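Student: Input final_21.cif, format and content: mmCIF, C-alpha atoms.
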data_input
#
loop_
_atom_site.label_atom_id
_atom_site.label_comp_id
_atom_site.auth_asym_id
_atom_site.auth_seq_id
_atom_site.Cartn_x
_atom_site.Cartn_y
_atom_site.Cartn_z
CA PHE J 1 -21.15 27.59 -17.55
CA GLU J 2 -21.69 24.56 -15.34
CA GLU J 3 -22.39 21.57 -17.56
CA SER J 4 -20.64 20.48 -20.75
CA PRO J 5 -20.78 21.06 -23.64
CA ALA J 6 -21.54 24.68 -22.68
CA SER J 7 -18.51 26.84 -23.47
CA TYR J 8 -17.31 30.37 -24.18
CA ALA J 9 -14.72 31.55 -26.71
CA GLU J 10 -13.10 34.76 -27.87
CA VAL J 11 -11.51 35.08 -31.30
CA LEU J 12 -9.18 37.91 -32.29
CA VAL J 13 -9.81 39.01 -35.86
CA LYS J 14 -7.42 41.37 -37.63
CA LYS J 15 -7.53 43.10 -41.01
CA ASP J 16 -4.78 45.51 -41.92
CA ASP J 17 -4.37 47.74 -38.86
CA THR J 18 -7.81 47.02 -37.42
CA THR J 19 -8.32 44.40 -34.72
CA GLY J 20 -11.65 43.12 -33.45
CA ARG J 21 -12.75 40.57 -30.89
CA LEU J 22 -15.45 38.00 -31.70
CA LEU J 23 -17.31 36.69 -28.64
CA LEU J 24 -18.98 33.27 -28.92
CA THR J 25 -21.06 31.14 -26.59
CA ASN J 26 -22.15 27.54 -27.01
CA GLY J 27 -24.99 25.81 -25.26
CA PHE J 28 -25.55 22.25 -26.49
CA ASP J 29 -23.27 21.62 -29.49
CA TRP J 30 -20.69 18.91 -28.71
CA SER J 31 -18.85 19.70 -31.97
CA PHE J 32 -18.46 23.40 -31.14
CA VAL J 33 -14.65 23.27 -30.87
CA ASP J 34 -14.26 21.45 -34.20
CA LYS J 35 -16.52 23.96 -35.93
CA LEU J 36 -14.67 26.85 -34.32
CA ASN J 37 -11.31 25.55 -35.56
CA ARG J 38 -12.63 25.09 -39.10
CA THR J 39 -14.12 28.59 -39.12
CA VAL J 40 -10.90 30.19 -37.90
CA ALA J 41 -8.93 28.27 -40.53
CA GLU J 42 -11.25 29.50 -43.29
CA MET J 43 -10.94 33.08 -42.06
CA ASN J 44 -7.15 32.82 -42.30
CA THR J 45 -7.40 31.89 -45.99
CA SER J 46 -9.11 35.21 -46.77
CA ASP J 47 -7.87 38.71 -46.20
CA LEU J 48 -8.49 38.28 -42.48
CA SER J 49 -6.17 37.00 -39.74
CA ALA J 50 -7.86 35.16 -36.90
CA ASN J 51 -6.84 33.13 -33.87
CA VAL J 52 -8.62 31.76 -30.79
CA ASP J 53 -7.57 33.84 -27.80
CA ILE J 54 -9.76 32.36 -25.05
CA ILE J 55 -11.85 29.24 -24.78
CA LEU J 56 -13.47 28.14 -21.54
CA GLY J 57 -15.37 24.90 -21.10
CA ALA J 58 -17.89 23.93 -18.47
CA GLU J 59 -16.56 22.23 -15.35
CA TRP J 60 -19.02 19.36 -15.16
CA LEU J 61 -19.83 16.77 -17.79
CA TYR J 62 -23.54 16.61 -18.41
CA GLN J 63 -25.05 13.18 -17.87
CA GLU J 64 -28.61 12.07 -18.29
CA PRO J 65 -30.24 10.87 -15.04
CA PHE J 66 -28.71 7.44 -14.38
CA ILE J 67 -31.14 4.61 -13.89
CA PRO J 68 -29.46 1.29 -12.97
CA HIS J 69 -30.85 -1.80 -14.63
CA GLY J 70 -30.20 -3.98 -11.60
CA ILE J 71 -27.90 -4.70 -8.69
CA ALA J 72 -25.16 -7.28 -9.17
CA LYS J 73 -25.20 -10.25 -6.81
CA MET J 74 -22.49 -12.70 -5.79
CA THR J 75 -24.16 -15.36 -7.91
CA ASP J 76 -23.67 -13.22 -11.03
CA TYR J 77 -19.95 -13.97 -10.95
CA ASP J 78 -18.20 -17.28 -11.62
CA SER J 79 -16.02 -17.97 -8.58
CA THR J 80 -15.05 -21.51 -9.61
CA THR J 81 -11.38 -20.73 -10.32
CA SER J 82 -10.98 -18.47 -7.30
CA LEU J 83 -12.57 -21.03 -4.98
CA ALA J 84 -10.33 -23.78 -6.35
CA GLN J 85 -7.27 -21.67 -5.54
CA TRP J 86 -8.69 -20.94 -2.07
CA ASP J 87 -9.09 -24.67 -1.39
CA THR J 88 -5.51 -25.50 -2.48
CA GLN J 89 -4.01 -23.33 0.27
CA ASN J 90 -2.17 -25.30 2.93
CA PRO J 91 -0.88 -23.19 5.84
CA VAL J 92 2.54 -24.08 7.24
CA GLY J 93 3.57 -21.15 9.40
CA HIS J 94 3.50 -17.46 10.21
CA GLN J 95 6.19 -14.87 9.45
CA VAL J 96 6.51 -11.37 10.90
CA ILE J 97 9.18 -8.82 10.02
CA PHE J 98 9.88 -5.83 12.26
CA GLN J 99 11.95 -2.77 11.47
CA LEU J 100 13.05 -0.74 14.49
CA GLU J 101 14.76 2.65 14.60
CA SER J 102 16.46 4.67 17.34
CA LYS J 103 17.25 8.37 17.34
CA ARG J 104 20.75 7.64 18.63
CA ASN J 105 23.39 5.06 17.82
CA LEU J 106 22.79 1.72 19.49
CA ASN J 107 25.18 -0.35 21.56
CA LYS J 108 26.09 -3.92 20.67
CA VAL J 109 26.18 -5.04 24.31
CA THR J 110 22.66 -3.70 24.90
CA ILE J 111 21.31 -5.43 21.81
CA GLU J 112 22.87 -8.77 22.79
CA ARG J 113 21.56 -8.55 26.35
CA SER J 114 18.03 -7.58 25.31
CA PHE J 115 17.80 -10.31 22.67
CA THR J 116 19.14 -12.96 25.03
CA ASN J 117 16.76 -11.96 27.84
CA THR J 118 13.82 -11.89 25.44
CA ILE J 119 14.52 -15.42 24.24
CA ALA J 120 15.15 -16.67 27.76
CA LYS J 121 11.73 -15.48 28.90
CA SER J 122 9.93 -17.04 25.95
CA ASN J 123 7.30 -19.56 27.06
CA VAL J 124 7.66 -21.56 23.85
CA CYS J 125 11.31 -22.53 23.98
CA LYS J 126 12.80 -23.07 27.45
CA THR J 127 16.34 -23.90 26.32
CA CYS J 128 16.65 -21.53 23.38
CA LYS J 129 18.92 -19.16 25.32
CA ASP J 130 21.71 -21.70 25.02
CA ASP J 131 21.17 -22.06 21.26
CA ILE J 132 21.60 -18.40 20.31
CA ARG J 133 24.24 -17.85 17.65
CA LYS J 134 26.05 -14.55 17.14
CA PHE J 135 27.91 -13.26 14.07
CA ASP J 136 29.84 -10.00 14.44
CA ALA J 137 33.24 -10.68 12.90
CA VAL J 138 32.58 -8.55 9.79
CA GLY J 139 31.70 -4.86 9.83
CA ASP J 140 30.21 -2.84 12.65
CA GLY J 141 26.87 -4.60 12.81
CA LEU J 142 25.56 -7.79 14.35
CA VAL J 143 23.51 -10.84 13.41
CA MET J 144 21.89 -13.03 16.06
CA THR J 145 19.85 -16.14 15.37
CA VAL J 146 18.00 -18.76 17.34
CA SER J 147 16.18 -21.84 16.06
CA TRP J 148 13.99 -24.40 17.73
CA SER J 149 11.56 -27.07 16.61
CA LEU J 150 8.69 -24.60 16.22
CA GLY J 151 10.45 -21.73 14.49
CA ASN J 152 13.36 -19.34 14.30
CA ILE J 153 14.21 -15.70 14.95
CA VAL J 154 16.84 -13.65 13.13
CA LEU J 155 18.03 -10.24 14.31
CA LEU J 156 20.09 -7.90 12.12
CA TRP J 157 21.68 -4.67 13.40
CA ASP J 158 23.32 -2.28 10.92
CA GLY J 159 25.90 -1.07 13.43
CA ARG J 160 24.12 2.21 13.97
CA ARG J 161 20.43 2.94 14.61
CA HIS J 162 18.47 0.30 12.66
CA ILE J 163 17.41 -3.21 13.66
CA ASP J 164 15.53 -5.81 11.61
CA MET J 165 13.88 -8.76 13.31
CA ASN J 166 12.48 -11.68 11.32
CA ILE J 167 10.28 -14.13 13.25
CA PHE J 168 9.01 -17.37 11.73
CA THR J 169 6.91 -19.93 13.60
CA PHE J 170 5.17 -23.12 12.59
CA PHE J 171 2.14 -21.88 14.51
CA GLU J 172 0.06 -18.74 14.18
CA ASP J 173 0.10 -16.74 17.40
CA VAL J 174 0.03 -12.94 17.13
CA GLU J 175 0.23 -12.58 20.92
CA PHE J 176 3.51 -14.51 20.99
CA VAL J 177 5.02 -12.21 18.35
CA ASP J 178 3.80 -9.09 20.15
CA THR J 179 5.33 -10.31 23.40
CA ILE J 180 8.70 -10.90 21.74
CA LEU J 181 8.67 -7.36 20.36
CA GLN J 182 7.66 -5.66 23.60
CA ARG J 183 10.20 -7.56 25.71
CA PHE J 184 12.98 -6.75 23.27
CA LYS J 185 12.12 -3.04 23.23
CA LYS J 186 12.13 -2.88 27.04
CA GLY J 187 15.85 -3.62 26.99
CA PHE J 188 16.51 -0.17 25.55
CA ARG J 189 15.82 2.40 28.23
CA LYS J 190 18.08 5.24 27.11
CA SER J 191 17.88 4.54 23.37
CA ARG J 192 14.17 4.15 22.75
CA LEU J 193 13.27 1.94 19.81
CA ASP J 194 10.43 2.99 17.52
CA LEU J 195 8.62 0.47 15.35
CA THR J 196 8.76 1.79 11.76
CA LEU J 197 7.45 -1.27 9.91
CA ARG J 198 5.56 -4.46 10.69
CA ASP J 199 4.88 -7.01 7.97
CA ASP J 200 2.72 -10.05 8.89
CA GLN J 201 2.65 -12.82 6.30
CA PRO J 202 1.03 -16.26 6.20
CA ARG J 203 3.34 -18.98 4.96
CA GLY J 204 2.40 -22.21 3.24
CA VAL J 205 1.96 -23.97 -0.09
CA GLY J 206 -0.71 -23.95 -2.76
CA GLY J 207 -0.67 -20.23 -3.48
CA MET J 208 -0.91 -19.30 0.19
CA ILE J 209 -2.37 -15.80 0.63
CA SER J 210 -4.72 -16.26 3.60
CA TYR J 211 -4.16 -16.83 7.28
CA GLY J 212 -4.85 -20.33 8.53
CA ARG J 213 -7.56 -19.06 10.88
CA ASP J 214 -9.54 -17.79 7.89
CA LEU J 215 -9.48 -21.07 5.98
CA ASP J 216 -11.94 -22.71 8.38
CA PHE J 217 -14.73 -20.73 6.69
CA GLU J 218 -16.01 -20.57 3.15
CA PRO J 219 -15.39 -17.10 1.64
CA ILE J 220 -18.52 -14.97 1.35
CA TRP J 221 -17.91 -14.50 -2.37
CA ALA J 222 -18.02 -18.25 -3.12
CA ASN J 223 -20.97 -19.47 -5.19
CA ILE J 224 -21.87 -22.77 -3.56
CA ASP J 225 -24.88 -24.72 -4.79
#
Starting from the file, give its structure as structure tokens.
Tutor:
Amino acid sequence: FEESPASYAEVLVKKDDTTGRLLLTNGFDWSFVDKLNRTVAEMNTSDLSANVDIILGAEWLYQEPFIPHGIAKMTDYDSTTSLAQWDTQNPVGHQVIFQLESKRNLNKVTIERSFTNTIAKSNVCKTCKDDIRKFDAVGDGLVMTVSWSLGNIVLLWDGRRHIDMNIFTFFEDVEFVDTILQRFKKGFRKSRLDLTLRDDQPRGVGGMISYGRDLDFEPIWANID
């Protein structure tokens, strides 16, 4: 049995001390199961006792050869509302969140040195090294922040093996973010840092969901007369 509604059933029928097995096959009747249940119920109202022991259905659902009536085009859909939302987007900045893990416990001194050196070598902010703020008075972890006119970076260490780094800039430059990450990781020679998560997000107003570089073009799905 390959295509539904083809099926096979076995019904055990008992009268007194005699038991028999009724074998049934179905080829094209979609109501076979309903009829089988009704028949078994009727048999149980007589001097017979019957129950369905096995029922096997076909694996594939039969479908008439499909003939499409046409192929949908972009112009078949009203993109007015979607395009209006697209046009309201106003990019403001770019945010990237990193999560880094080490297989061994990290050292606060190493984290401070690597973060400071990374900021000092940044080609965007020449004096940011002097503006780094550190918070480590509570718990075993560490928070380091730096802000400048074009963005800010926040580092959070849990006191053990995990580091979060949140980078926000008022410009969109993936290469800048990648450089920050690679320079920071180089500061950990013995305790290698593995990147476990990277989340890039455009930031702005007007229902911002697209990167600024993409807003210079009309979306391909827009119906423009």
Student: Using all atoms listed in the file - which residues lie no farther than 10 Å from the point (-14.7, 27.2, -24.7) in the file's frame? Write them as an MDAnalysis selection string.
Tutor: chainID J and resid 1 4:10 24:26 32:33 36 52 54:58
Student: Using all atoms of region 94-98 of chain J that appear in the file, construct an axis-aligned enclosing box with 4 Å of padding on every side and provide its centre coordinates and edge lengths in Å, rounded to one decimal, as JSON.
Tutor:
{"center_x": 6.7, "center_y": -11.6, "center_z": 10.9, "size_x": 14.4, "size_y": 19.6, "size_z": 10.8}
Student: Run through the PyMOL selection byres ((chain J and resi 140-151) around 8) on the given coordinates and return the selected residues as a PDB file with C-alpha atoms, in the coordinates of the input.
Tutor:
ATOM      1  CA  LYS J 108      26.090  -3.920  20.670  1.00  0.00           C
ATOM      2  CA  CYS J 125      11.310 -22.530  23.980  1.00  0.00           C
ATOM      3  CA  CYS J 128      16.650 -21.530  23.380  1.00  0.00           C
ATOM      4  CA  ASP J 131      21.170 -22.060  21.260  1.00  0.00           C
ATOM      5  CA  ILE J 132      21.600 -18.400  20.310  1.00  0.00           C
ATOM      6  CA  ARG J 133      24.240 -17.850  17.650  1.00  0.00           C
ATOM      7  CA  LYS J 134      26.050 -14.550  17.140  1.00  0.00           C
ATOM      8  CA  PHE J 135      27.910 -13.260  14.070  1.00  0.00           C
ATOM      9  CA  ASP J 136      29.840 -10.000  14.440  1.00  0.00           C
ATOM     10  CA  VAL J 138      32.580  -8.550   9.790  1.00  0.00           C
ATOM     11  CA  GLY J 139      31.700  -4.860   9.830  1.00  0.00           C
ATOM     12  CA  ASN J 152      13.360 -19.340  14.300  1.00  0.00           C
ATOM     13  CA  ILE J 153      14.210 -15.700  14.950  1.00  0.00           C
ATOM     14  CA  VAL J 154      16.840 -13.650  13.130  1.00  0.00           C
ATOM     15  CA  LEU J 155      18.030 -10.240  14.310  1.00  0.00           C
ATOM     16  CA  LEU J 156      20.090  -7.900  12.120  1.00  0.00           C
ATOM     17  CA  TRP J 157      21.680  -4.670  13.400  1.00  0.00           C
ATOM     18  CA  ASP J 158      23.320  -2.280  10.920  1.00  0.00           C
ATOM     19  CA  GLY J 159      25.900  -1.070  13.430  1.00  0.00           C
ATOM     20  CA  ARG J 160      24.120   2.210  13.970  1.00  0.00           C
ATOM     21  CA  ILE J 167      10.280 -14.130  13.250  1.00  0.00           C
ATOM     22  CA  PHE J 168       9.010 -17.370  11.730  1.00  0.00           C
ATOM     23  CA  THR J 169       6.910 -19.930  13.600  1.00  0.00           C
ATOM     24  CA  PHE J 170       5.170 -23.120  12.590  1.00  0.00           C
ATOM     25  CA  PHE J 171       2.140 -21.880  14.510  1.00  0.00           C
TER      26      PHE J 171
END
Student: Any idea what's packed within 6 Å of Phe184 (chain J), counting only C-alpha atoms, ignoring anything in its chain fewer than 3 positions away? Could you give it as a list in words?
Tutor: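 Contacts, in chain order: Ser114, Thr118, Leu181 and Gly187 of chain J.
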Student: Mind giving me the straight-line distance from CA of Ile71 (chain J) to CA of Leu83 (chain J) in Å, one decimal?
Tutor: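 About the pair CA of Ile71 (chain J) and CA of Leu83 (chain J): they are 22.7 Å apart.
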Student: Decode the PyMOL selection byres ((chain J and resi 37) around 12) for the given file into explicit residues and return them as a PyMOL selection string.
Tutor: chain J and resi 9+11+31-36+38-44+50-53+55
Student: Quick one: region 72-92 of chain J with N, CA and C atoms, as a short mmCIF file (atom, residue, chain, number, x, y, z; two decimals), in the frame of the given file?
Tutor:
data_model
loop_
_atom_site.label_atom_id
_atom_site.label_comp_id
_atom_site.auth_asym_id
_atom_site.auth_seq_id
_atom_site.Cartn_x
_atom_site.Cartn_y
_atom_site.Cartn_z
N ALA J 72 -25.90 -6.03 -9.02
CA ALA J 72 -25.16 -7.28 -9.17
C ALA J 72 -25.12 -8.05 -7.86
N LYS J 73 -25.25 -9.37 -7.97
CA LYS J 73 -25.20 -10.25 -6.81
C LYS J 73 -23.99 -11.16 -6.92
N MET J 74 -23.62 -11.78 -5.79
CA MET J 74 -22.49 -12.70 -5.79
C MET J 74 -22.67 -13.82 -6.82
N THR J 75 -23.89 -14.25 -7.00
CA THR J 75 -24.16 -15.36 -7.91
C THR J 75 -24.00 -14.97 -9.37
N ASP J 76 -23.85 -13.67 -9.65
CA ASP J 76 -23.67 -13.22 -11.03
C ASP J 76 -22.23 -13.44 -11.51
N TYR J 77 -21.35 -13.80 -10.60
CA TYR J 77 -19.95 -13.97 -10.95
C TYR J 77 -19.53 -15.43 -10.77
N ASP J 78 -18.70 -15.90 -11.68
CA ASP J 78 -18.20 -17.28 -11.62
C ASP J 78 -16.97 -17.31 -10.70
N SER J 79 -17.12 -17.91 -9.55
CA SER J 79 -16.02 -17.97 -8.58
C SER J 79 -15.35 -19.35 -8.56
N THR J 80 -15.58 -20.15 -9.59
CA THR J 80 -15.05 -21.51 -9.61
C THR J 80 -13.53 -21.54 -9.49
N THR J 81 -12.84 -20.74 -10.33
CA THR J 81 -11.38 -20.73 -10.32
C THR J 81 -10.84 -20.16 -9.02
N SER J 82 -11.44 -19.09 -8.55
CA SER J 82 -10.98 -18.47 -7.30
C SER J 82 -11.17 -19.41 -6.11
N LEU J 83 -12.30 -20.11 -6.08
CA LEU J 83 -12.57 -21.03 -4.98
C LEU J 83 -11.62 -22.23 -5.02
N ALA J 84 -11.26 -22.67 -6.23
CA ALA J 84 -10.33 -23.78 -6.35
C ALA J 84 -8.96 -23.38 -5.80
N GLN J 85 -8.54 -22.14 -6.08
CA GLN J 85 -7.27 -21.67 -5.54
C GLN J 85 -7.34 -21.54 -4.02
N TRP J 86 -8.48 -21.07 -3.52
CA TRP J 86 -8.69 -20.94 -2.07
C TRP J 86 -8.53 -22.30 -1.38
N ASP J 87 -9.10 -23.33 -2.01
CA ASP J 87 -9.09 -24.67 -1.39
C ASP J 87 -7.71 -25.33 -1.46
N THR J 88 -6.83 -24.87 -2.37
CA THR J 88 -5.51 -25.50 -2.48
C THR J 88 -4.54 -24.97 -1.41
N GLN J 89 -4.91 -23.91 -0.72
CA GLN J 89 -4.01 -23.33 0.27
C GLN J 89 -3.79 -24.29 1.45
N ASN J 90 -2.53 -24.43 1.81
CA ASN J 90 -2.17 -25.30 2.93
C ASN J 90 -1.22 -24.53 3.85
N PRO J 91 -1.72 -23.99 4.96
CA PRO J 91 -0.88 -23.19 5.84
C PRO J 91 0.21 -24.01 6.51
N VAL J 92 1.40 -23.42 6.60
CA VAL J 92 2.54 -24.08 7.24
C VAL J 92 3.03 -23.27 8.43
#
